[in-house]
$ cat data_22.pdb   # PDB, C-alpha atoms
ATOM      1  CA  MET U   1       0.000   0.000   0.000
ATOM      2  CA  PRO U   2       1.078   3.638  -0.473
ATOM      3  CA  THR U   3       2.511   5.398   2.548
ATOM      4  CA  ILE U   4      -0.005   8.143   3.388
ATOM      5  CA  HIS U   5       0.407  10.630   6.221
ATOM      6  CA  PRO U   6      -2.701  10.786   8.444
ATOM      7  CA  THR U   7      -3.229  14.497   7.669
ATOM      8  CA  ALA U   8      -3.338  13.924   3.892
ATOM      9  CA  VAL U   9      -6.671  13.956   2.028
ATOM     10  CA  VAL U  10      -6.796  11.335  -0.721
ATOM     11  CA  ALA U  11     -10.001  10.875  -2.716
ATOM     12  CA  SER U  12     -11.279   7.335  -3.122
ATOM     13  CA  GLY U  13     -11.102   7.641  -6.903
ATOM     14  CA  ALA U  14      -7.383   8.450  -6.968
ATOM     15  CA  VAL U  15      -5.013   5.735  -8.211
ATOM     16  CA  LEU U  16      -1.694   5.573  -6.351
ATOM     17  CA  ALA U  17       1.082   3.079  -6.989
ATOM     18  CA  PRO U  18       1.905   0.932  -3.936
ATOM     19  CA  SER U  19       5.284   2.644  -3.417
ATOM     20  CA  THR U  20       3.913   6.210  -3.460
ATOM     21  CA  VAL U  21       4.783   8.361  -0.447
ATOM     22  CA  VAL U  22       2.171  10.990   0.479
ATOM     23  CA  GLY U  23       3.341  13.607   2.958
ATOM     24  CA  PRO U  24       1.533  15.809   5.481
ATOM     25  CA  PHE U  25      -1.417  17.928   4.338
ATOM     26  CA  VAL U  26      -1.247  16.665   0.739
ATOM     27  CA  THR U  27      -4.535  16.778  -1.209
ATOM     28  CA  ILE U  28      -5.267  14.373  -4.073
ATOM     29  CA  GLU U  29      -8.555  14.603  -6.000
ATOM     30  CA  ASP U  30     -10.575  11.918  -7.771
ATOM     31  CA  GLY U  31      -9.186  10.687 -11.071
ATOM     32  CA  VAL U  32      -5.559  11.482 -10.267
ATOM     33  CA  GLU U  33      -2.935   8.860 -11.134
ATOM     34  CA  VAL U  34       0.454   8.669  -9.390
ATOM     35  CA  GLY U  35       3.293   6.371 -10.450
ATOM     36  CA  ALA U  36       5.657   4.159  -8.497
ATOM     37  CA  GLU U  37       8.173   5.624  -6.038
ATOM     38  CA  THR U  38       6.812   9.147  -6.430
ATOM     39  CA  GLU U  39       7.081  11.365  -3.356
ATOM     40  CA  LEU U  40       4.522  14.076  -2.614
ATOM     41  CA  LEU U  41       5.916  16.507  -0.058
ATOM     42  CA  THR U  42       4.041  18.646   2.456
ATOM     43  CA  GLY U  43       1.049  20.582   1.194
ATOM     44  CA  THR U  44       1.257  19.439  -2.429
ATOM     45  CA  ILE U  45      -2.069  19.437  -4.303
ATOM     46  CA  LEU U  46      -2.909  17.125  -7.214
ATOM     47  CA  LEU U  47      -6.129  18.255  -8.857
ATOM     48  CA  GLN U  48      -8.379  16.263 -11.173
ATOM     49  CA  GLY U  49      -6.643  15.520 -14.463
ATOM     50  CA  SER U  50      -3.159  15.137 -12.953
ATOM     51  CA  ARG U  51      -1.144  12.209 -14.315
ATOM     52  CA  ILE U  52       2.119  11.802 -12.409
ATOM     53  CA  GLY U  53       4.790   9.371 -13.588
ATOM     54  CA  ALA U  54       7.145   7.184 -11.608
ATOM     55  CA  ARG U  55       9.956   8.506  -9.416
ATOM     56  CA  CYS U  56       8.729  12.110  -9.373
ATOM     57  CA  LYS U  57       9.281  14.422  -6.406
ATOM     58  CA  LEU U  58       6.746  17.215  -5.964
ATOM     59  CA  GLY U  59       6.659  20.030  -3.459
ATOM     60  CA  PRO U  60       6.506  21.184  -0.817
ATOM     61  CA  TYR U  61       3.319  23.005  -1.832
ATOM     62  CA  ALA U  62       3.420  22.287  -5.571
ATOM     63  CA  VAL U  63       0.032  22.478  -7.320
ATOM     64  CA  ILE U  64      -0.567  20.264 -10.354
ATOM     65  CA  GLY U  65      -3.626  20.136 -12.599
ATOM     66  CA  GLY U  66      -5.138  23.576 -11.989
ATOM     67  CA  GLU U  67      -7.747  24.821 -14.463
ATOM     68  CA  PRO U  68      -6.343  26.768 -17.418
ATOM     69  CA  MET U  69      -6.275  30.542 -17.080
ATOM     70  CA  ASP U  70      -7.705  30.731 -20.581
ATOM     71  CA  SER U  71     -10.947  32.365 -21.740
ATOM     72  CA  ALA U  72     -11.411  29.502 -24.220
ATOM     73  CA  PHE U  73     -11.632  26.902 -21.452
ATOM     74  CA  ARG U  74     -15.166  25.595 -20.908
ATOM     75  CA  GLY U  75     -14.638  23.002 -18.207
ATOM     76  CA  GLU U  76     -13.770  20.160 -20.562
ATOM     77  CA  GLU U  77     -11.777  17.142 -19.370
ATOM     78  CA  SER U  78      -8.054  17.521 -19.959
ATOM     79  CA  CYS U  79      -4.774  16.571 -18.291
ATOM     80  CA  ALA U  80      -1.539  17.784 -16.770
ATOM     81  CA  VAL U  81       1.024  15.050 -17.394
ATOM     82  CA  LEU U  82       4.362  14.746 -15.621
ATOM     83  CA  GLU U  83       6.542  12.024 -17.077
ATOM     84  CA  GLU U  84       8.865   9.927 -14.938
ATOM     85  CA  GLY U  85      11.573  11.558 -12.863
ATOM     86  CA  VAL U  86      10.133  15.089 -12.836
ATOM     87  CA  GLU U  87      10.992  17.244  -9.827
ATOM     88  CA  ALA U  88       8.762  20.253  -9.139
ATOM     89  CA  ARG U  89       9.931  22.294  -6.191
ATOM     90  CA  GLU U  90       8.264  24.688  -3.751
ATOM     91  CA  PHE U  91       5.116  26.408  -5.059
ATOM     92  CA  ALA U  92       5.588  25.272  -8.676
ATOM     93  CA  THR U  93       2.290  25.248 -10.605
ATOM     94  CA  ILE U  94       1.349  23.276 -13.706
ATOM     95  CA  HIS U  95      -2.078  23.775 -15.296
ATOM     96  CA  ARG U  96      -3.964  21.278 -17.372
ATOM     97  CA  ALA U  97      -4.813  21.989 -21.000
ATOM     98  CA  THR U  98      -7.629  23.703 -22.845
ATOM     99  CA  GLY U  99      -9.394  21.360 -25.281
ATOM    100  CA  GLU U 100     -11.186  18.068 -24.706
ATOM    101  CA  GLY U 101      -8.582  15.354 -24.077
ATOM    102  CA  SER U 102      -5.649  17.751 -24.509
ATOM    103  CA  GLU U 103      -2.529  17.675 -22.347
ATOM    104  CA  THR U 104      -0.026  19.957 -20.726
ATOM    105  CA  CYS U 105       3.105  17.806 -20.568
ATOM    106  CA  VAL U 106       6.409  18.044 -18.697
ATOM    107  CA  GLY U 107       9.013  15.609 -20.023
ATOM    108  CA  ARG U 108      10.968  13.055 -18.042
ATOM    109  CA  ASN U 109      13.808  14.100 -15.736
ATOM    110  CA  THR U 110      12.882  17.776 -15.920
ATOM    111  CA  LEU U 111      13.532  20.091 -12.970
ATOM    112  CA  LEU U 112      11.102  22.885 -12.144
ATOM    113  CA  MET U 113      12.572  25.096  -9.452
ATOM    114  CA  SER U 114      10.522  27.081  -6.939
ATOM    115  CA  TYR U 115       7.692  29.340  -8.122
ATOM    116  CA  THR U 116       7.826  28.200 -11.755
ATOM    117  CA  HIS U 117       4.566  28.266 -13.694
ATOM    118  CA  VAL U 118       3.700  26.039 -16.654
ATOM    119  CA  SER U 119       0.540  27.288 -18.387
ATOM    120  CA  HIS U 120      -2.117  25.377 -20.302
ATOM    121  CA  ASN U 121      -1.146  23.317 -23.360
ATOM    122  CA  VAL U 122       2.581  23.771 -22.758
ATOM    123  CA  ARG U 123       4.968  20.983 -23.725
ATOM    124  CA  VAL U 124       8.360  20.787 -22.007
ATOM    125  CA  GLY U 125      10.911  18.356 -23.398
ATOM    126  CA  PRO U 126      12.934  15.842 -21.380
ATOM    127  CA  GLY U 127      15.954  16.810 -19.311
ATOM    128  CA  THR U 128      15.025  20.491 -19.217
ATOM    129  CA  THR U 129      15.640  22.898 -16.327
ATOM    130  CA  LEU U 130      13.269  25.733 -15.494
ATOM    131  CA  ALA U 131      14.985  27.873 -12.867
ATOM    132  CA  THR U 132      13.252  29.803 -10.084
ATOM    133  CA  SER U 133      10.197  31.833 -11.141
ATOM    134  CA  VAL U 134      10.270  30.927 -14.843
ATOM    135  CA  GLN U 135       6.848  31.704 -16.341
ATOM    136  CA  LEU U 136       5.696  29.857 -19.483
ATOM    137  CA  GLY U 137       2.715  31.279 -21.365
ATOM    138  CA  GLY U 138       0.026  29.093 -22.897
ATOM    139  CA  HIS U 139       0.931  26.721 -25.760
ATOM    140  CA  VAL U 140       4.673  27.302 -25.325
ATOM    141  CA  GLN U 141       6.988  24.500 -26.467
ATOM    142  CA  VAL U 142      10.344  23.952 -24.785
ATOM    143  CA  GLY U 143      12.736  21.476 -26.351
ATOM    144  CA  ALA U 144      14.832  18.723 -24.808
ATOM    145  CA  HIS U 145      17.710  19.682 -22.492
ATOM    146  CA  ALA U 146      16.925  23.396 -22.657
ATOM    147  CA  PHE U 147      17.730  25.716 -19.757
ATOM    148  CA  LEU U 148      15.644  28.745 -18.780
ATOM    149  CA  GLY U 149      17.264  30.991 -16.208
ATOM    150  CA  ALA U 150      15.600  32.508 -13.156
ATOM    151  CA  ASN U 151      12.694  34.868 -13.873
ATOM    152  CA  ALA U 152      12.719  34.138 -17.622
ATOM    153  CA  LEU U 153       9.383  34.727 -19.364
ATOM    154  CA  THR U 154       7.889  33.419 -22.591
ATOM    155  CA  HIS U 155       5.044  34.821 -24.656
ATOM    156  CA  GLN U 156       2.203  32.476 -25.612
ATOM    157  CA  PHE U 157       3.002  30.067 -28.488
ATOM    158  CA  VAL U 158       6.761  30.757 -28.339
ATOM    159  CA  ARG U 159       9.091  27.811 -28.960
ATOM    160  CA  ILE U 160      12.449  27.261 -27.250
ATOM    161  CA  GLY U 161      14.604  24.795 -29.190
ATOM    162  CA  ASP U 162      16.507  21.712 -28.012
ATOM    163  CA  HIS U 163      19.670  22.497 -26.013
ATOM    164  CA  ALA U 164      18.872  26.228 -26.040
ATOM    165  CA  MET U 165      19.369  28.623 -23.141
ATOM    166  CA  LEU U 166      17.202  31.625 -22.305
ATOM    167  CA  ALA U 167      19.124  33.750 -19.817
ATOM    168  CA  GLY U 168      17.686  34.750 -16.471
ATOM    169  CA  GLY U 169      15.473  37.821 -16.467
ATOM    170  CA  SER U 170      14.880  37.630 -20.227
ATOM    171  CA  ALA U 171      11.550  37.646 -22.059
ATOM    172  CA  ALA U 172      11.138  35.622 -25.250
ATOM    173  CA  LEU U 173       8.564  37.134 -27.604
ATOM    174  CA  GLN U 174       9.708  35.059 -30.602
ATOM    175  CA  ASP U 175      11.176  31.595 -31.084
ATOM    176  CA  ILE U 176      14.650  30.760 -29.737
ATOM    177  CA  LEU U 177      16.702  28.492 -31.985
ATOM    178  CA  PRO U 178      17.989  25.067 -30.933
ATOM    179  CA  TYR U 179      21.542  25.021 -29.515
ATOM    180  CA  CYS U 180      21.573  28.803 -29.081
ATOM    181  CA  LEU U 181      21.856  31.304 -26.238
ATOM    182  CA  ALA U 182      19.342  34.147 -26.030
ATOM    183  CA  ALA U 183      19.127  36.997 -23.554
ATOM    184  CA  LYS U 184      17.570  40.400 -22.825
ATOM    185  CA  THR U 185      14.023  41.726 -23.304
ATOM    186  CA  PRO U 186      12.878  41.121 -25.933
ATOM    187  CA  ALA U 187      15.236  38.141 -26.175
ATOM    188  CA  LEU U 188      17.941  38.245 -28.837
ATOM    189  CA  HIS U 189      20.285  35.512 -30.039
ATOM    190  CA  PHE U 190      23.904  35.958 -28.939
ATOM    191  CA  GLY U 191      25.363  32.756 -30.400
ATOM    192  CA  LEU U 192      25.683  29.150 -29.338
ATOM    193  CA  ASN U 193      24.832  27.865 -25.877
ATOM    194  CA  ARG U 194      28.492  26.983 -25.446
ATOM    195  CA  VAL U 195      28.476  25.839 -21.840
ATOM    196  CA  GLY U 196      25.332  23.769 -22.213
ATOM    197  CA  LEU U 197      26.499  22.089 -25.394
ATOM    198  CA  ARG U 198      29.886  21.155 -23.984
ATOM    199  CA  ARG U 199      28.253  19.731 -20.886
ATOM    200  CA  ARG U 200      26.109  17.590 -23.192
ATOM    201  CA  GLY U 201      29.168  16.277 -25.051
ATOM    202  CA  PHE U 202      29.088  18.421 -28.196
ATOM    203  CA  LYS U 203      32.669  18.718 -29.444
ATOM    204  CA  GLY U 204      34.913  18.398 -32.482
ATOM    205  CA  GLU U 205      33.390  18.722 -35.932
ATOM    206  CA  ARG U 206      29.857  18.513 -34.566
ATOM    207  CA  TYR U 207      30.389  21.657 -32.495
ATOM    208  CA  THR U 208      32.362  23.408 -35.248
ATOM    209  CA  LEU U 209      29.555  22.959 -37.792
ATOM    210  CA  LEU U 210      27.074  24.496 -35.377
ATOM    211  CA  GLU U 211      29.405  27.478 -34.872
ATOM    212  CA  ARG U 212      29.655  27.970 -38.621
ATOM    213  CA  ALA U 213      25.891  27.743 -38.997
ATOM    214  CA  VAL U 214      25.330  30.434 -36.358
ATOM    215  CA  ARG U 215      27.859  32.712 -38.084
ATOM    216  CA  ALA U 216      25.984  32.192 -41.356
ATOM    217  CA  LEU U 217      22.675  33.106 -39.728
ATOM    218  CA  ARG U 218      24.174  36.181 -38.070
ATOM    219  CA  SER U 219      25.506  37.403 -41.418
ATOM    220  CA  ASN U 220      22.298  36.366 -43.234
ATOM    221  CA  ASP U 221      24.264  34.018 -45.507
ATOM    222  CA  GLN U 222      21.423  31.668 -46.406
ATOM    223  CA  THR U 223      23.418  29.811 -49.058
ATOM    224  CA  ARG U 224      26.158  28.952 -46.571
ATOM    225  CA  PHE U 225      23.626  27.938 -43.935
ATOM    226  CA  GLU U 226      21.793  25.593 -46.311
ATOM    227  CA  ALA U 227      25.090  23.980 -47.335
ATOM    228  CA  LEU U 228      25.897  23.302 -43.689
ATOM    229  CA  ALA U 229      22.388  21.912 -43.111
ATOM    230  CA  ALA U 230      23.055  19.384 -45.875
ATOM    231  CA  THR U 231      26.069  18.006 -43.971
ATOM    232  CA  SER U 232      25.005  18.286 -40.311
ATOM    233  CA  ASN U 233      21.935  16.772 -38.679
ATOM    234  CA  ASP U 234      22.134  19.432 -35.955
ATOM    235  CA  VAL U 235      22.132  22.293 -38.447
ATOM    236  CA  ALA U 236      19.322  20.585 -40.350
ATOM    237  CA  ALA U 237      17.326  20.589 -37.098
ATOM    238  CA  ILE U 238      17.832  24.357 -36.839
ATOM    239  CA  GLN U 239      16.684  24.710 -40.438
ATOM    240  CA  ARG U 240      13.470  22.754 -39.786
ATOM    241  CA  PHE U 241      12.842  24.760 -36.634
ATOM    242  CA  ARG U 242      13.109  28.022 -38.582
ATOM    243  CA  GLU U 243      10.848  26.781 -41.369
ATOM    244  CA  ASN U 244       8.133  25.793 -38.873
ATOM    245  CA  SER U 245       8.168  29.065 -36.938
ATOM    246  CA  GLU U 246       4.859  30.902 -36.650
ATOM    247  CA  ARG U 247       5.885  33.741 -34.337
ATOM    248  CA  GLY U 248       9.168  34.375 -36.130
ATOM    249  CA  ILE U 249      12.729  33.886 -34.932
ATOM    250  CA  ALA U 250      14.389  36.238 -32.437
ATOM    251  CA  ARG U 251      17.050  38.217 -34.284
ATOM    252  CA  PHE U 252      20.802  37.934 -33.805
ATOM    253  CA  VAL U 253      23.037  40.639 -32.418
ATOM    254  CA  VAL U 254      26.620  41.209 -33.491
ATOM    255  CA  GLN U 255      28.155  41.632 -30.038
ATOM    256  CA  ARG U 256      28.500  38.752 -27.599
ATOM    257  CA  LEU U 257      27.673  38.532 -23.915
TER     258      LEU U 257
END
$ encode --input "data_22.pdb" --output "structure tokens"
Amino acid sequence: MPTIHPTAVVASGAVLAPSTVVGPFVTIEDGVEVGAETELLTGTILLQGSRIGARCKLGPYAVIGGEPMDSAFRGEESCAVLEEGVEAREFATIHRATGEGSETCVGRNTLLMSYTHVSHNVRVGPGTTLATSVQLGGHVQVGAHAFLGANALTHQFVRIGDHAMLAGGSAALQDILPYCLAAKTPALHFGLNRVGLRRRGFKGERYTLLERAVRALRSNDQTRFEALAATSNDVAAIQRFRENSERGIARFVVQRL
């Protein structure tokens, strides 16, 4: 059986894996599902529509599955999904989606630091870090292994690419390219996310081709960029990301941080 503190309130219709640990003053509503070895710390609230994977750690006082703050929401059934290994720290909030059967989803092994907010219909890729007080607007997409610094903001429908970094205190009003570093308000591209890429094992020719691609974009050399995309899967991913942009791509600046 799950380990449930006597002060916790767990609805009869909630489904908890046998190895779940439910701490003091936790509230779990009907229809919630919680995976194996997940720990719910003091005061955490799982509202209807929450789907929590295995080995997650939530709280203290995290709130998952809140109704969308969206004028289009009409009370339809939807979900807030946390894949396995997600950690959501103090006072983090994740809202479920607008649209019947739709999901807000946080990918596996993602860290949400204190006071982060993930709005309706957001998708966060695996291995991502959202630092303290990051605020994601509705329908935002954040790629795998991205890093958003403390107090970073995103406009609705913005996309942050794989392995990208949005610096603390910045506000992204347009899409941020994969592998790149963006900063300021509105956010501008300053080049590659050098530290993040090296930590992830990007080196040698793979890293060099990305550097050349960013130089081509900064100088608006489309011919050179397309040639690099033909030889590098990483550059080709940047090319696809640009082609699929709806809000436009944040511009590059000449100077570096």
$ closest_residue --input "data_22.pdb" --among "U:Ser245, U:Thr20, U:Asn233, U:Ser133" --to "U:Ser170" --atoms "only C-alpha atoms"
U:Ser133
$ resolve_selection --input "data_22.pdb" --expression "the PyMOL selection byres ((chain U and resi 120) around 12)" --output "VMD selection string"
chain U and resid 64 to 73 78 to 81 93 to 99 102 to 106 117 to 119 121 to 124 135 to 141 156 to 157
$ closest_residue --input "data_22.pdb" --among "U:Glu76, U:Thr44, U:Ile52, U:Thr7" --to "U:Arg89" --atoms "only C-alpha atoms"
U:Thr44
$ atom_distance --input "data_22.pdb" --atom1 "atom CA of U:Gln222" --atom2 "atom CA of U:Arg206"
19.6 Å
$ residues_around --input "data_22.pdb" --residues "stretch 246-248 of chain U" --least-positions-apart "5" --cutoff "9 Å" --atoms "all atoms listed in the file" --output "ChimeraX atom specification"
/U:157-159,173-175
$ atom_distance --input "data_22.pdb" --atom1 "atom CA of U:Arg218" --atom2 "atom CA of U:Phe252"
5.7 Å
$ residues_around --input "data_22.pdb" --residues "U:Gly13" --least-positions-apart "5" --cutoff "8 Å" --atoms "only C-alpha atoms" --output "PyMOL selection string"
chain U and resi 29-32
$ residues_around --input "data_22.pdb" --residues "U:Arg55" --least-positions-apart "6" --cutoff "10 Å" --atoms "all atoms listed in the file" --output "list in words"
Ser19, Thr20, Val34, Gly35, Ala36, Glu37, Thr38, Glu39, Glu83, Glu84, Gly85, Val86, Glu87, Arg108 and Asn109 of chain U
$ resolve_selection --input "data_22.pdb" --expression "the PyMOL selection byres ((chain U and resi 22) around 7)" --output "JSON, numbers by chain"
{"U": [3, 4, 5, 20, 21, 23, 24, 26, 39, 40, 41]}
$ atom_distance --input "data_22.pdb" --atom1 "atom CA of U:Gly127" --atom2 "atom CA of U:Cys180"
16.5 Å
$ residues_around --input "data_22.pdb" --residues "U:Ala229" --least-positions-apart "2" --cutoff "10 Å" --atoms "all atoms listed in the file" --output "list of chain:residue names"
U:Leu209, U:Leu210, U:Ala213, U:Thr223, U:Arg224, U:Phe225, U:Glu226, U:Ala227, U:Thr231, U:Ser232, U:Asn233, U:Asp234, U:Val235, U:Ala236, U:Ala237, U:Ile238, U:Gln239, U:Arg240
$ closest_residue --input "data_22.pdb" --among "U:Val142, U:Gly53, U:Met1, U:Ala172" --to "U:Thr154" --atoms "only C-alpha atoms"
U:Ala172
$ resolve_selection --input "data_22.pdb" --expression "the PyMOL selection byres ((chain U and resi 144-147) around 7)" --output "list in words"
Gly125, Pro126, Gly127, Thr128, Thr129, Leu130, Val142, Gly143, Leu148, Gly149, Asp162, His163, Ala164, Met165 and Leu166 of chain U
$ closest_residue --input "data_22.pdb" --among "U:Ile28, U:Leu82, U:Leu112, U:Ala131" --to "U:Arg51" --atoms "all atoms listed in the file"
U:Leu82
$ closest_residue --input "data_22.pdb" --among "U:Leu46, U:Val214, U:Met113, U:Val15" --to "U:His189" --atoms "only C-alpha atoms"
U:Val214
$ axis_aligned_box --input "data_22.pdb" --around "stretch 28-36 of chain U" --padding-each-side "8 Å" --output "lines of an AutoDock Vina configuration file"
center_x = -2.5
center_y = 9.4
center_z = -7.6
size_x = 32.2
size_y = 26.4
size_z = 23.1
